[in-house]
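Structure file target31.cif with mmCIF, C-alpha atoms and all ligand atoms:
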data_model
#
loop_
_atom_site.label_atom_id
_atom_site.label_comp_id
_atom_site.auth_asym_id
_atom_site.auth_seq_id
_atom_site.Cartn_x
_atom_site.Cartn_y
_atom_site.Cartn_z
CA MET J 1 187.54 98.52 36.44
CA ALA J 2 188.18 102.16 36.53
CA GLN J 3 188.55 103.56 39.91
CA LEU J 4 186.11 106.33 40.62
CA ARG J 5 188.10 109.11 41.74
CA LEU J 6 186.48 112.25 42.86
CA PRO J 7 188.08 115.38 43.93
CA PRO J 8 187.97 115.86 47.73
CA GLN J 9 185.36 118.64 47.56
CA ARG J 10 182.93 116.36 45.67
CA ARG J 11 183.46 113.52 48.09
CA LEU J 12 182.55 115.79 50.92
CA LEU J 13 179.41 116.89 49.08
CA LEU J 14 178.33 113.27 48.47
CA ALA J 15 178.85 112.35 52.10
CA GLY J 16 176.73 115.37 53.04
CA MET J 17 173.94 114.29 50.71
CA ILE J 18 173.93 110.72 52.11
CA LEU J 19 173.76 112.08 55.60
CA ALA J 20 170.86 114.38 54.64
CA LEU J 21 168.95 111.45 53.07
CA ALA J 22 169.49 109.28 56.11
CA LEU J 23 168.26 112.05 58.35
CA ALA J 24 165.21 112.63 56.11
CA ALA J 25 164.37 108.90 56.25
CA LEU J 26 164.74 108.96 59.99
CA PHE J 27 162.42 111.98 60.30
CA TRP J 28 159.86 110.42 57.95
CA ARG J 29 159.75 107.30 60.02
CA HIS J 30 159.35 109.33 63.13
CA TYR J 31 156.61 111.45 61.54
CA ALA J 32 154.71 108.37 60.31
CA ALA J 33 154.96 106.74 63.71
CA SER J 34 153.56 109.83 65.35
CA ARG J 35 150.20 109.27 63.54
CA PHE J 36 148.22 107.10 65.91
CA VAL J 37 144.70 105.65 65.74
CA TYR J 38 142.53 103.77 68.22
CA ALA J 39 142.05 100.12 67.40
CA VAL J 40 138.92 98.55 68.90
CA SER J 41 138.74 94.82 69.48
CA LEU J 42 136.00 92.59 70.86
CA GLU J 43 137.08 89.46 72.68
CA GLY J 44 140.50 89.69 71.02
CA THR J 45 139.25 90.22 67.44
CA VAL J 46 140.14 93.61 66.00
CA LEU J 47 137.08 95.23 64.43
CA GLY J 48 138.79 98.37 63.11
CA ALA J 49 140.18 101.71 64.13
CA VAL J 50 138.83 105.22 64.67
CA PRO J 51 140.82 108.45 64.80
CA SER J 52 140.07 109.39 68.40
CA GLU J 53 139.64 107.64 71.72
CA THR J 54 136.43 109.60 72.37
CA GLN J 55 134.83 108.14 69.23
CA ALA J 56 135.84 104.62 70.28
CA LYS J 57 134.36 105.11 73.74
CA GLN J 58 131.12 106.55 72.37
CA ALA J 59 130.62 103.51 70.14
CA VAL J 60 131.06 101.20 73.13
CA GLU J 61 128.61 103.23 75.19
CA LYS J 62 126.05 103.02 72.39
CA LEU J 63 126.40 99.25 72.41
CA ALA J 64 125.62 99.14 76.11
CA VAL J 65 122.45 101.15 75.53
CA LEU J 66 121.16 99.23 72.50
CA ALA J 67 121.71 95.62 73.43
CA PRO J 68 120.48 94.24 76.76
CA SER J 69 123.53 92.05 76.93
CA GLY J 70 125.68 94.88 75.59
CA ALA J 71 126.60 95.94 79.09
CA GLY J 72 128.29 92.59 79.57
CA LEU J 73 129.79 92.72 76.10
CA ALA J 74 131.15 96.22 76.59
CA GLU J 75 133.46 94.78 79.22
CA GLN J 76 135.02 92.55 76.57
CA VAL J 77 135.90 95.50 74.37
CA THR J 78 139.47 96.79 74.42
CA ILE J 79 140.68 100.07 72.94
CA GLN J 80 144.36 100.36 72.02
CA ARG J 81 146.36 103.29 70.76
CA VAL J 82 148.36 102.00 67.78
CA PRO J 83 150.31 103.58 64.91
CA VAL J 84 148.44 103.96 61.62
CA SER J 85 148.78 100.84 59.51
CA ASP J 86 147.43 99.64 56.15
CA ARG J 87 146.35 96.42 57.82
CA LEU J 88 143.96 98.30 60.12
CA LEU J 89 140.50 99.02 58.79
CA GLN J 90 139.79 102.74 59.17
CA LEU J 91 136.24 103.31 60.41
CA THR J 92 134.04 106.24 61.28
CA ALA J 93 132.44 106.24 64.74
CA ASP J 94 129.06 105.15 63.24
CA GLU J 95 130.62 102.30 61.33
CA LEU J 96 132.35 101.10 64.47
CA ALA J 97 129.06 101.20 66.40
CA GLU J 98 127.40 99.11 63.65
CA ARG J 99 130.18 96.56 63.73
CA LEU J 100 129.98 96.27 67.49
CA GLN J 101 126.20 95.84 67.22
CA ALA J 102 126.57 93.09 64.63
CA ALA J 103 129.11 91.36 66.83
CA ALA J 104 126.70 91.60 69.74
CA ASN J 105 123.95 89.92 67.70
CA ARG J 106 125.99 87.01 66.59
CA GLN J 107 125.51 83.56 68.02
CA VAL J 108 127.72 82.81 70.93
CA PRO J 109 128.21 79.71 73.00
CA ALA J 110 125.80 79.81 75.92
CA VAL J 111 124.21 77.63 78.57
CA ALA J 112 120.43 77.30 78.60
CA ILE J 113 118.69 76.98 81.96
CA ARG J 114 115.77 74.67 81.30
CA VAL J 115 112.70 74.27 83.45
CA ALA J 116 110.98 70.93 82.88
CA GLY J 117 112.78 70.59 79.53
CA GLN J 118 111.96 74.12 78.27
CA SER J 119 114.79 76.62 77.76
CA VAL J 120 113.80 79.64 79.81
CA VAL J 121 116.93 81.75 79.90
CA PHE J 122 120.51 81.75 78.59
CA VAL J 123 123.62 82.61 80.53
CA ALA J 124 127.26 82.70 79.52
CA ASP J 125 128.44 79.50 81.12
CA ARG J 126 127.72 76.71 83.57
CA GLU J 127 129.39 78.56 86.36
CA THR J 128 127.00 81.50 85.94
CA ALA J 129 124.05 79.10 85.69
CA GLN J 130 125.04 77.48 88.96
CA SER J 131 125.45 80.87 90.60
CA VAL J 132 121.89 81.76 89.50
CA VAL J 133 120.48 78.63 91.11
CA ASP J 134 122.54 79.22 94.25
CA ALA J 135 121.40 82.84 94.48
CA ILE J 136 117.74 81.89 94.09
CA GLU J 137 118.03 79.42 96.96
CA ALA J 138 120.09 81.79 99.10
CA ASP J 139 117.62 84.69 98.65
CA TYR J 140 114.70 82.42 99.45
CA ARG J 141 116.50 81.19 102.56
CA GLN J 142 117.11 84.76 103.67
CA ALA J 143 113.43 85.68 103.30
CA LEU J 144 112.40 82.87 105.64
CA ASP J 145 111.78 83.28 109.34
CA ALA J 146 115.08 84.27 110.89
CA GLN J 147 114.36 82.21 113.99
CA ALA J 148 113.73 79.04 112.11
CA GLU J 149 116.33 76.43 111.43
CA VAL J 150 116.03 75.91 107.69
CA LYS J 151 116.50 72.24 106.94
CA GLN J 152 115.99 72.20 103.22
CA VAL J 153 115.34 74.55 100.32
CA ALA J 154 114.65 73.07 96.92
CA ILE J 155 113.35 74.18 93.56
CA LYS J 156 110.18 72.23 92.87
CA GLU J 157 110.59 72.05 89.09
CA GLN J 158 113.31 70.01 87.47
CA LEU J 159 116.11 72.34 86.37
CA THR J 160 118.63 71.22 83.79
CA LEU J 161 121.46 72.95 81.98
CA ALA J 162 122.12 72.56 78.27
CA ASP J 163 125.16 73.77 76.36
CA GLY J 164 124.38 75.40 73.03
CA MET J 165 124.41 78.64 71.07
CA ALA J 166 122.36 81.77 71.64
CA ARG J 167 122.19 85.28 70.26
CA ALA J 168 124.63 87.34 72.24
CA ASP J 169 121.67 89.65 72.97
CA ASP J 170 119.80 86.84 74.67
CA VAL J 171 122.58 85.92 77.02
CA ARG J 172 121.58 87.30 80.42
CA THR J 173 123.58 88.30 83.41
CA ALA J 174 123.15 86.20 86.54
CA GLU J 175 120.89 88.87 88.10
CA GLU J 176 118.63 89.09 85.04
CA ALA J 177 118.39 85.31 84.78
CA GLN J 178 117.42 85.09 88.45
CA ARG J 179 114.68 87.71 88.05
CA ILE J 180 113.26 85.97 85.00
CA LEU J 181 113.12 82.58 86.70
CA VAL J 182 111.61 83.89 89.93
CA ARG J 183 109.28 86.59 88.58
CA GLY J 184 108.64 85.51 85.00
CA THR J 185 110.10 88.74 83.59
CA ASP J 186 113.13 90.95 84.05
CA LYS J 187 110.96 94.06 83.71
CA LEU J 188 110.79 96.39 86.65
CA GLN J 189 107.82 98.72 86.94
CA THR J 190 107.13 100.54 90.13
CA TYR J 191 104.70 103.10 91.46
CA THR J 192 105.52 105.68 94.10
CA VAL J 193 102.74 106.09 96.65
CA GLN J 194 101.27 109.60 96.79
CA ARG J 195 99.59 111.26 99.73
CA GLY J 196 96.00 110.01 100.04
CA ASP J 197 96.51 106.94 97.83
CA THR J 198 94.77 103.69 98.64
CA LEU J 199 95.77 100.25 97.43
CA TRP J 200 92.40 100.00 95.70
CA ARG J 201 92.88 103.27 93.80
CA ILE J 202 96.49 102.51 92.81
CA ALA J 203 95.36 99.13 91.47
CA GLU J 204 92.52 100.72 89.46
CA VAL J 205 94.71 103.45 87.95
CA ASN J 206 97.32 100.87 86.88
CA GLY J 207 94.84 98.36 85.46
CA LEU J 208 95.33 95.77 88.19
CA THR J 209 92.98 94.16 90.67
CA PRO J 210 93.66 94.93 94.35
CA ASP J 211 94.42 91.21 94.71
CA ASP J 212 97.08 91.34 91.97
CA LEU J 213 98.67 94.37 93.57
CA SER J 214 98.75 92.70 96.99
CA GLN J 215 100.25 89.60 95.43
CA ALA J 216 102.93 91.66 93.68
CA ASN J 217 103.80 93.30 97.01
CA PRO J 218 103.78 90.62 99.67
CA GLY J 219 104.24 92.01 103.13
CA VAL J 220 102.75 95.41 102.27
CA LYS J 221 99.79 96.19 104.50
CA PRO J 222 96.99 97.96 102.55
CA THR J 223 96.25 100.12 105.59
CA ALA J 224 99.86 101.18 106.15
CA LEU J 225 100.80 102.83 102.82
CA GLN J 226 103.32 105.65 103.21
CA PRO J 227 103.78 108.49 100.70
CA GLY J 228 107.04 107.86 98.81
CA GLN J 229 106.82 104.08 99.27
CA GLU J 230 107.56 102.11 96.08
CA LEU J 231 105.12 99.46 94.97
CA ASN J 232 105.87 96.75 92.45
CA LEU J 233 103.34 96.81 89.61
CA ILE J 234 104.29 93.52 88.00
CA VAL J 235 102.55 90.39 89.17
CA ALA J 236 105.05 87.55 89.25
CA GLU J 237 104.41 84.57 87.03
CA PRO J 238 107.36 82.53 88.16
CA TYR J 239 108.87 79.72 86.10
CA ILE J 240 110.03 78.04 89.25
CA HIS J 241 108.64 77.49 92.74
CA LEU J 242 110.63 76.95 95.87
CA GLU J 243 109.82 74.49 98.57
CA SER J 244 111.36 74.53 101.98
CA THR J 245 111.14 72.87 105.32
CA GLU J 246 112.28 74.50 108.49
CA GLU J 247 112.19 73.64 112.14
CA VAL J 248 110.81 76.16 114.57
CA THR J 249 110.85 75.74 118.31
CA VAL J 250 108.34 77.75 120.30
CA VAL J 251 107.10 77.86 123.86
CA GLU J 252 103.32 77.58 124.02
CA ASN J 253 100.72 77.88 126.74
CA ILE J 254 98.95 74.74 127.87
CA PRO J 255 95.32 75.70 128.59
CA PHE J 256 93.87 74.94 132.00
CA ASP J 257 90.51 73.38 132.85
CA VAL J 258 87.87 75.36 134.67
CA GLU J 259 85.78 73.51 137.20
CA THR J 260 82.49 75.28 137.86
CA ARG J 261 80.76 74.74 141.20
CA GLN J 262 77.26 75.98 141.74
CA ASP J 263 76.62 77.75 145.02
CA PRO J 264 72.97 78.32 145.99
CA ASP J 265 74.08 80.56 148.87
CA ARG J 266 75.56 83.23 146.54
CA TYR J 267 73.79 85.62 144.22
CA PRO J 268 74.97 85.53 140.58
CA TRP J 269 76.94 88.75 141.08
CA GLN J 270 78.83 87.09 143.88
CA SER J 271 80.24 84.48 141.50
CA GLU J 272 84.04 84.34 141.51
CA TYR J 273 87.13 82.24 140.91
CA LEU J 274 87.91 80.30 144.06
CA VAL J 275 91.16 79.11 142.49
CA LYS J 276 92.78 81.00 139.64
CA GLY J 277 93.97 78.91 136.72
CA VAL J 278 97.60 78.87 135.63
CA PHE J 279 98.71 78.16 132.08
CA GLY J 280 101.22 75.37 131.67
CA LYS J 281 104.20 75.78 129.33
CA ARG J 282 105.40 73.43 126.67
CA GLN J 283 108.21 73.68 124.16
CA VAL J 284 107.17 72.41 120.76
CA THR J 285 109.31 71.93 117.67
CA TYR J 286 107.38 72.16 114.42
CA ALA J 287 108.41 71.13 110.93
CA VAL J 288 107.09 73.95 108.75
CA SER J 289 106.74 73.27 105.05
CA ARG J 290 106.40 76.22 102.70
CA GLU J 291 105.90 76.77 99.02
CA ASN J 292 107.12 80.15 97.72
CA GLY J 293 107.16 81.40 101.28
CA LYS J 294 103.60 80.38 102.10
CA VAL J 295 103.13 77.86 104.89
CA VAL J 296 101.48 74.72 103.53
CA GLU J 297 101.99 72.42 106.51
CA ARG J 298 102.92 72.74 110.16
CA LYS J 299 103.61 69.45 111.86
CA PRO J 300 104.70 69.01 115.49
CA LEU J 301 107.91 66.99 115.68
CA LYS J 302 108.55 66.90 119.39
CA GLU J 303 107.04 68.32 122.51
CA GLU J 304 108.41 68.85 125.97
CA VAL J 305 106.23 69.95 128.88
CA LEU J 306 108.06 72.62 130.87
CA SER J 307 105.37 73.10 133.48
CA ASP J 308 101.90 71.67 134.06
CA ALA J 309 98.72 73.70 133.87
CA LYS J 310 96.77 74.25 137.08
CA GLY J 311 93.00 74.07 136.86
CA ALA J 312 90.72 76.91 137.97
CA VAL J 313 87.70 76.63 140.21
CA PHE J 314 84.80 78.97 139.54
CA VAL J 315 81.95 79.34 141.98
CA GLN J 316 78.72 80.21 140.24
CA GLY J 317 76.14 81.89 142.46
CA THR J 318 72.65 80.56 141.78
CA LYS J 319 70.72 82.24 144.58
CA LEU J 320 67.65 84.04 143.32
CA ALA J 321 66.77 87.62 144.24
CA PRO J 322 64.02 87.67 146.85
CA LYS J 323 60.47 88.45 145.84
CA LEU J 324 59.98 92.10 146.73
CA GLY J 325 57.51 94.79 145.86
CA SER J 326 53.84 94.93 145.04
CA GLY J 327 53.91 94.64 141.25
CA GLN J 328 52.25 98.07 141.20
CA PHE J 329 54.84 100.48 139.79
CA LEU J 330 55.65 104.09 140.49
CA LEU J 331 56.66 106.23 137.50
CA PRO J 332 60.50 106.27 137.83
CA ILE J 333 60.80 109.88 136.58
CA SER J 334 58.63 112.94 137.20
CA GLY J 335 57.81 115.83 134.90
CA ALA J 336 58.75 113.75 131.84
CA ARG J 337 57.21 113.60 128.40
CA LEU J 338 56.67 110.26 126.62
CA THR J 339 58.65 110.52 123.38
CA SER J 340 58.51 106.89 122.29
CA GLY J 341 56.17 104.11 123.34
CA PHE J 342 56.51 100.34 123.54
CA GLY J 343 56.29 98.51 120.22
CA TRP J 344 57.28 98.88 116.60
CA ARG J 345 58.60 102.21 115.45
CA GLY J 346 59.34 101.87 111.76
CA ARG J 347 61.38 98.70 111.26
CA GLU J 348 62.69 98.64 114.79
CA PHE J 349 61.03 97.21 117.86
CA HIS J 350 61.23 99.54 120.86
CA PRO J 351 61.20 97.37 123.99
CA GLY J 352 60.38 100.13 126.52
CA LEU J 353 59.23 103.67 127.13
CA ASP J 354 61.33 106.77 126.37
CA LEU J 355 60.64 109.47 128.93
CA ALA J 356 62.31 112.85 128.27
CA ALA J 357 63.08 115.39 130.98
CA PRO J 358 65.94 117.83 131.63
CA LYS J 359 69.30 116.13 132.12
CA GLY J 360 70.01 115.29 135.74
CA THR J 361 66.36 114.65 136.71
CA ALA J 362 66.20 112.09 139.56
CA ILE J 363 65.39 108.49 138.62
CA VAL J 364 63.75 106.31 141.26
CA ALA J 365 63.04 102.59 141.65
CA ALA J 366 59.64 101.66 140.19
CA ASP J 367 59.12 99.10 142.95
CA ASP J 368 60.97 97.34 145.79
CA GLY J 369 63.72 95.05 144.57
CA THR J 370 67.39 94.06 144.39
CA VAL J 371 69.90 95.90 142.20
CA VAL J 372 71.31 93.07 140.07
CA GLU J 373 73.30 95.31 137.73
CA ALA J 374 74.59 98.87 138.04
CA GLY J 375 77.11 100.17 135.52
CA TRP J 376 77.88 100.41 131.82
CA ASP J 377 75.46 98.25 129.86
CA GLY J 378 76.31 98.55 126.13
CA GLY J 379 73.63 100.43 124.14
CA TYR J 380 71.80 101.22 127.40
CA GLY J 381 74.78 103.33 128.49
CA TYR J 382 74.97 103.68 132.26
CA ALA J 383 72.05 101.60 133.47
CA VAL J 384 70.50 99.96 136.52
CA ARG J 385 68.64 96.65 136.54
CA ILE J 386 66.39 95.83 139.46
CA ASP J 387 65.11 92.30 140.06
CA HIS J 388 61.71 92.29 141.77
CA GLY J 389 61.69 88.58 142.47
CA GLU J 390 63.58 85.45 141.33
CA GLY J 391 64.47 86.93 137.98
CA LYS J 392 60.86 86.75 136.89
CA LEU J 393 60.27 90.50 136.85
CA VAL J 394 63.13 92.91 136.13
CA THR J 395 63.08 96.67 135.45
CA ILE J 396 65.81 98.42 133.45
CA TYR J 397 66.69 102.12 133.63
CA GLY J 398 68.92 103.22 130.75
CA HIS J 399 70.97 106.21 129.42
CA LEU J 400 71.66 107.53 132.96
CA SER J 401 74.19 110.31 133.46
CA SER J 402 75.19 108.79 136.82
CA ILE J 403 74.25 105.91 139.08
CA ALA J 404 73.40 106.18 142.79
CA VAL J 405 73.16 102.48 143.76
CA LYS J 406 75.43 99.39 143.88
CA GLN J 407 75.03 95.86 142.62
CA GLY J 408 73.47 93.62 145.27
CA GLN J 409 71.82 96.50 147.09
CA THR J 410 68.16 96.32 148.07
CA VAL J 411 66.05 99.34 147.11
CA LYS J 412 62.63 100.57 148.12
CA LYS J 413 59.94 101.78 145.72
CA GLY J 414 60.63 105.48 145.01
CA GLU J 415 64.25 105.34 146.23
CA LEU J 416 66.80 107.34 144.19
CA ILE J 417 68.84 105.07 141.93
CA GLY J 418 70.48 107.59 139.53
CA TYR J 419 70.12 110.64 137.27
CA GLU J 420 68.73 111.02 133.80
CA GLY J 421 71.20 111.48 130.94
CA SER J 422 72.01 110.48 127.37
CA THR J 423 74.70 107.79 127.65
CA GLY J 424 74.87 104.78 125.30
CA ARG J 425 72.76 104.64 122.16
CA SER J 426 70.79 107.85 122.74
CA THR J 427 70.12 111.02 120.79
CA GLY J 428 69.21 113.28 123.70
CA PRO J 429 68.52 113.22 127.45
CA HIS J 430 65.79 110.70 128.27
CA LEU J 431 65.13 107.68 130.44
CA HIS J 432 64.66 104.38 128.68
CA PHE J 433 62.45 102.35 130.98
CA GLU J 434 62.03 98.68 130.23
CA VAL J 435 60.25 95.81 132.00
CA ARG J 436 61.13 92.16 131.44
CA ARG J 437 58.91 89.32 132.53
CA ASP J 438 60.66 85.92 132.39
CA GLY J 439 63.38 87.62 130.37
CA LYS J 440 61.04 89.01 127.73
CA ALA J 441 60.30 92.73 127.28
CA VAL J 442 56.65 93.60 127.96
CA ASP J 443 54.66 96.85 127.80
CA PRO J 444 55.48 98.73 131.05
CA ARG J 445 52.17 100.64 131.03
CA GLN J 446 50.27 97.63 132.43
CA PHE J 447 52.19 97.94 135.72
CA PHE J 448 51.11 101.49 136.48
CA PRO J 449 47.81 102.23 138.21
CA ASP J 450 45.40 104.12 135.95
ZN ZN J 501 64.22 103.72 124.52
#
Would you mind giving the structure from this file in structure tokens?
Ligand SMILES: [Zn+2]
Amino acid sequence: MAQLRLPPQRRLLLAGMILALALAALFWRHYAASRFVYAVSLEGTVLGAVPSETQAKQAVEKLAVLAPSGAGLAEQVTIQRVPVSDRLLQLTADELAERLQAAANRQVPAVAIRVAGQSVVFVADRETAQSVVDAIEADYRQALDAQAEVKQVAIKEQLTLADGMARADDVRTAEEAQRILVRGTDKLQTYTVQRGDTLWRIAEVNGLTPDDLSQANPGVKPTALQPGQELNLIVAEPYIHLESTEEVTVVENIPFDVETRQDPDRYPWQSEYLVKGVFGKRQVTYAVSRENGKVVERKPLKEEVLSDAKGAVFVQGTKLAPKLGSGQFLLPISGARLTSGFGWRGREFHPGLDLAAPKGTAIVAADDGTVVEAGWDGGYGYAVRIDHGEGKLVTIYGHLSSIAVKQGQTVKKGELIGYEGSTGRSTGPHLHFEVRRDGKAVDPRQFFPD
């Protein structure tokens, strides 16, 4: 074999060329490696690559908007900066979004929460399913009376879990699953109360009955709406119902008996409590059963008397007012005009005479008698009642501006008892004069001399 012999200059040239090639290869490799793309993978499977990180992120954001379960899926997406490679599928941002969407719609292993054998909602796994059930019970517990000792909270329906497959879209987060089970839907629709709104009007405008609206907003008082307050517009149709029992211990009053003694030596207005009653106290523990928060049974479990009740003694005066007067009346007001007589006026029966005179005109007793009542008397306003004998004949003077006599006082015919006014159910200053015989209103005119 002939030895290749080159002159020294040529050898130097060759070495230079080899060096240049090596350097070029090195630079090429470096240049190629400097071209990076963003590989996007979902749960470890690479879907493809896009030129910029922004495009990758936008596609993931789109997924979160389009698919209800996308928000959960978006967390499983990883974006990696990698060198360009033939093995990586090059995608546009739109293509990547489509691929992510398709991945989101595929069937995934899931756990169905079943109510009485019917699959109601899917979650990712048994652990999530259990956390849903736990959260439902915990929230219910929290809504119960804080003072009660909750003994038991249970879901009334039979809940079972079933492993299977579901569209990734249909797999709910724990919060969504809880809402669906408890309210029948995961939709939220609210109304913000405006100034001047009423529950009735809000219901009408939103196509609900006031009952529905109240039911959708337990605890909201129709009379206490505040502008800016949020009302729930969706009436719950729950898949499940919760039952609970709690023990509540309360201190209650024990009522006392009242013994009434009749005393013929006292007038009725001298009746009084001889001994005041005192409530006893008892501590009672109740077992309260509820369904969806509503009390369905309240059963006393144990009772301990802390103190006994003490009975009251009431003395009832039965003494009758003495028979006084002549039965011949004096007009109780002078210078007055009769504005309404005794009898029917329209559909209303007027049981006396209305006698109008300037406010403050003196009112006098129509006959001798005993003042059995002097004070506020409902529709009569400030009024005086005079008994002219054993309750059989009583005169009433109503709408007074002030009273000049006291209960129990004896008055003479013509004696000042008060001043005319317009108190009680009255439209202007006048005296309402009424006469009752054996408790029944009669025409007063028969008692005046002609
Ligand atoms: Zn009248």
Requested in this report: Mind listing whatever residues come within 10 Å of the point (124.9, 86.4, 65.8)? Use all atoms listed in the file, file coordinates, and give them as a PyMOL selection string.
Outcome: chain J and resi 101-108+165-169
Pick out the residues sitting within 9 Å of Asp367 (chain J), and hand them over as a short mmCIF file (atom, residue, chain, number, x, y, z; two decimals) with C-alpha atoms, keeping the file's coordinate frame; count all atoms listed in the file, and ignore anything fewer than 2 positions along from it in its own chain.
data_model
loop_
_atom_site.label_atom_id
_atom_site.label_comp_id
_atom_site.auth_asym_id
_atom_site.auth_seq_id
_atom_site.Cartn_x
_atom_site.Cartn_y
_atom_site.Cartn_z
CA LEU J 324 59.98 92.10 146.73
CA GLY J 325 57.51 94.79 145.86
CA SER J 326 53.84 94.93 145.04
CA GLY J 327 53.91 94.64 141.25
CA GLN J 328 52.25 98.07 141.20
CA PHE J 329 54.84 100.48 139.79
CA LEU J 330 55.65 104.09 140.49
CA PRO J 332 60.50 106.27 137.83
CA VAL J 364 63.75 106.31 141.26
CA ALA J 365 63.04 102.59 141.65
CA GLY J 369 63.72 95.05 144.57
CA ILE J 386 66.39 95.83 139.46
CA HIS J 388 61.71 92.29 141.77
CA THR J 395 63.08 96.67 135.45
CA VAL J 411 66.05 99.34 147.11
CA LYS J 412 62.63 100.57 148.12
CA LYS J 413 59.94 101.78 145.72
CA GLY J 414 60.63 105.48 145.01
CA GLU J 415 64.25 105.34 146.23
#
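Taking only C-alpha atoms and all ligand atoms into account, every polymer residue with at least one atom at most 6 Å away from ligand ZN 501 (chain J) is listed here: Gly352, Leu353, Asp354 and His432 of chain J.
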Report summary line: Nearest to Val150 (chain J), restricted to only C-alpha atoms and choosing among J:Lys392, J:Arg290, J:Arg99, J:Arg35, comes out as J:Arg290
Query raised in the report: What gap, in Å, lies between CA of Gly219 (chain J) and CA of Asn206 (chain J)?
Result: 19.8 Å
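CA of Gly418 (chain J) lies 8.7 Å from CA of Ala383 (chain J).
The coordinates place CA of Asp197 (chain J) at 10.6 Å from CA of Gly228 (chain J).
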Can I get the residues of region 147-185 of chain J within 10 Å of region 125-136 of chain J, each with the closest pair of atoms and their distance in Å to one decimal, using only C-alpha atoms, sorted chain first then ascending number, as JSON lines?
{"residue": "J:Val153", "atom": "CA", "partner": "J:Ile136", "partner_atom": "CA", "distance": 9.9}
{"residue": "J:Ala154", "atom": "CA", "partner": "J:Ile136", "partner_atom": "CA", "distance": 9.8}
{"residue": "J:Ile155", "atom": "CA", "partner": "J:Val133", "partner_atom": "CA", "distance": 8.8}
{"residue": "J:Leu159", "atom": "CA", "partner": "J:Val133", "partner_atom": "CA", "distance": 9.0}
{"residue": "J:Thr160", "atom": "CA", "partner": "J:Ala129", "partner_atom": "CA", "distance": 9.8}
{"residue": "J:Leu161", "atom": "CA", "partner": "J:Arg126", "partner_atom": "CA", "distance": 7.5}
{"residue": "J:Ala162", "atom": "CA", "partner": "J:Arg126", "partner_atom": "CA", "distance": 8.8}
{"residue": "J:Asp163", "atom": "CA", "partner": "J:Asp125", "partner_atom": "CA", "distance": 8.1}
{"residue": "J:Gly164", "atom": "CA", "partner": "J:Asp125", "partner_atom": "CA", "distance": 9.9}
{"residue": "J:Val171", "atom": "CA", "partner": "J:Asp125", "partner_atom": "CA", "distance": 9.6}
{"residue": "J:Arg172", "atom": "CA", "partner": "J:Thr128", "partner_atom": "CA", "distance": 9.7}
{"residue": "J:Thr173", "atom": "CA", "partner": "J:Thr128", "partner_atom": "CA", "distance": 8.0}
{"residue": "J:Ala174", "atom": "CA", "partner": "J:Val132", "partner_atom": "CA", "distance": 5.5}
{"residue": "J:Glu175", "atom": "CA", "partner": "J:Val132", "partner_atom": "CA", "distance": 7.3}
{"residue": "J:Glu176", "atom": "CA", "partner": "J:Val132", "partner_atom": "CA", "distance": 9.2}
{"residue": "J:Ala177", "atom": "CA", "partner": "J:Val132", "partner_atom": "CA", "distance": 6.9}
{"residue": "J:Gln178", "atom": "CA", "partner": "J:Val132", "partner_atom": "CA", "distance": 5.7}
{"residue": "J:Arg179", "atom": "CA", "partner": "J:Ile136", "partner_atom": "CA", "distance": 8.9}
{"residue": "J:Leu181", "atom": "CA", "partner": "J:Ile136", "partner_atom": "CA", "distance": 8.7}
{"residue": "J:Val182", "atom": "CA", "partner": "J:Ile136", "partner_atom": "CA", "distance": 7.7}
**Report entry** Nearby residues (all atoms listed in the file) at most 9 Å from region 398-403 of chain J, same-chain spacing under 5 positions excluded, as a ChimeraX atom specification
**Finding:** /J:359-360,363,374-375,377,379-385,417-426,429-434
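Among the candidates J:Thr223, J:Thr260, J:Asn253, J:Thr318, the residue lying nearest to Glu304 (chain J) is J:Asn253 (atoms considered: all atoms listed in the file).
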Requested in this report: May I have the residues within 6 Å of Thr190 (chain J) as a ChimeraX atom specification, using all atoms listed in the file and disregarding those fewer than 5 positions away in the same chain?
Outcome: /J:231-233
Keeping C-alpha atoms, export the residues of the selection given above as an mmCIF file, in the coordinates of the input.
data_model
loop_
_atom_site.group_PDB
_atom_site.id
_atom_site.type_symbol
_atom_site.label_atom_id
_atom_site.label_comp_id
_atom_site.auth_asym_id
_atom_site.auth_seq_id
_atom_site.Cartn_x
_atom_site.Cartn_y
_atom_site.Cartn_z
ATOM 1 C CA LEU J 231 105.120 99.460 94.970
ATOM 2 C CA ASN J 232 105.870 96.750 92.450
ATOM 3 C CA LEU J 233 103.340 96.810 89.610
#
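Of the residues listed (J:Lys310, J:Ile254, J:Phe447, J:Asp170), J:Ile254 shows the shortest atom-to-atom separation from Val284 (chain J); distances use all atoms listed in the file.
Closest approach to Glu259 (chain J) among J:Ser214, J:Gln316, J:Thr285, J:Thr54: J:Gln316, based on only C-alpha atoms.
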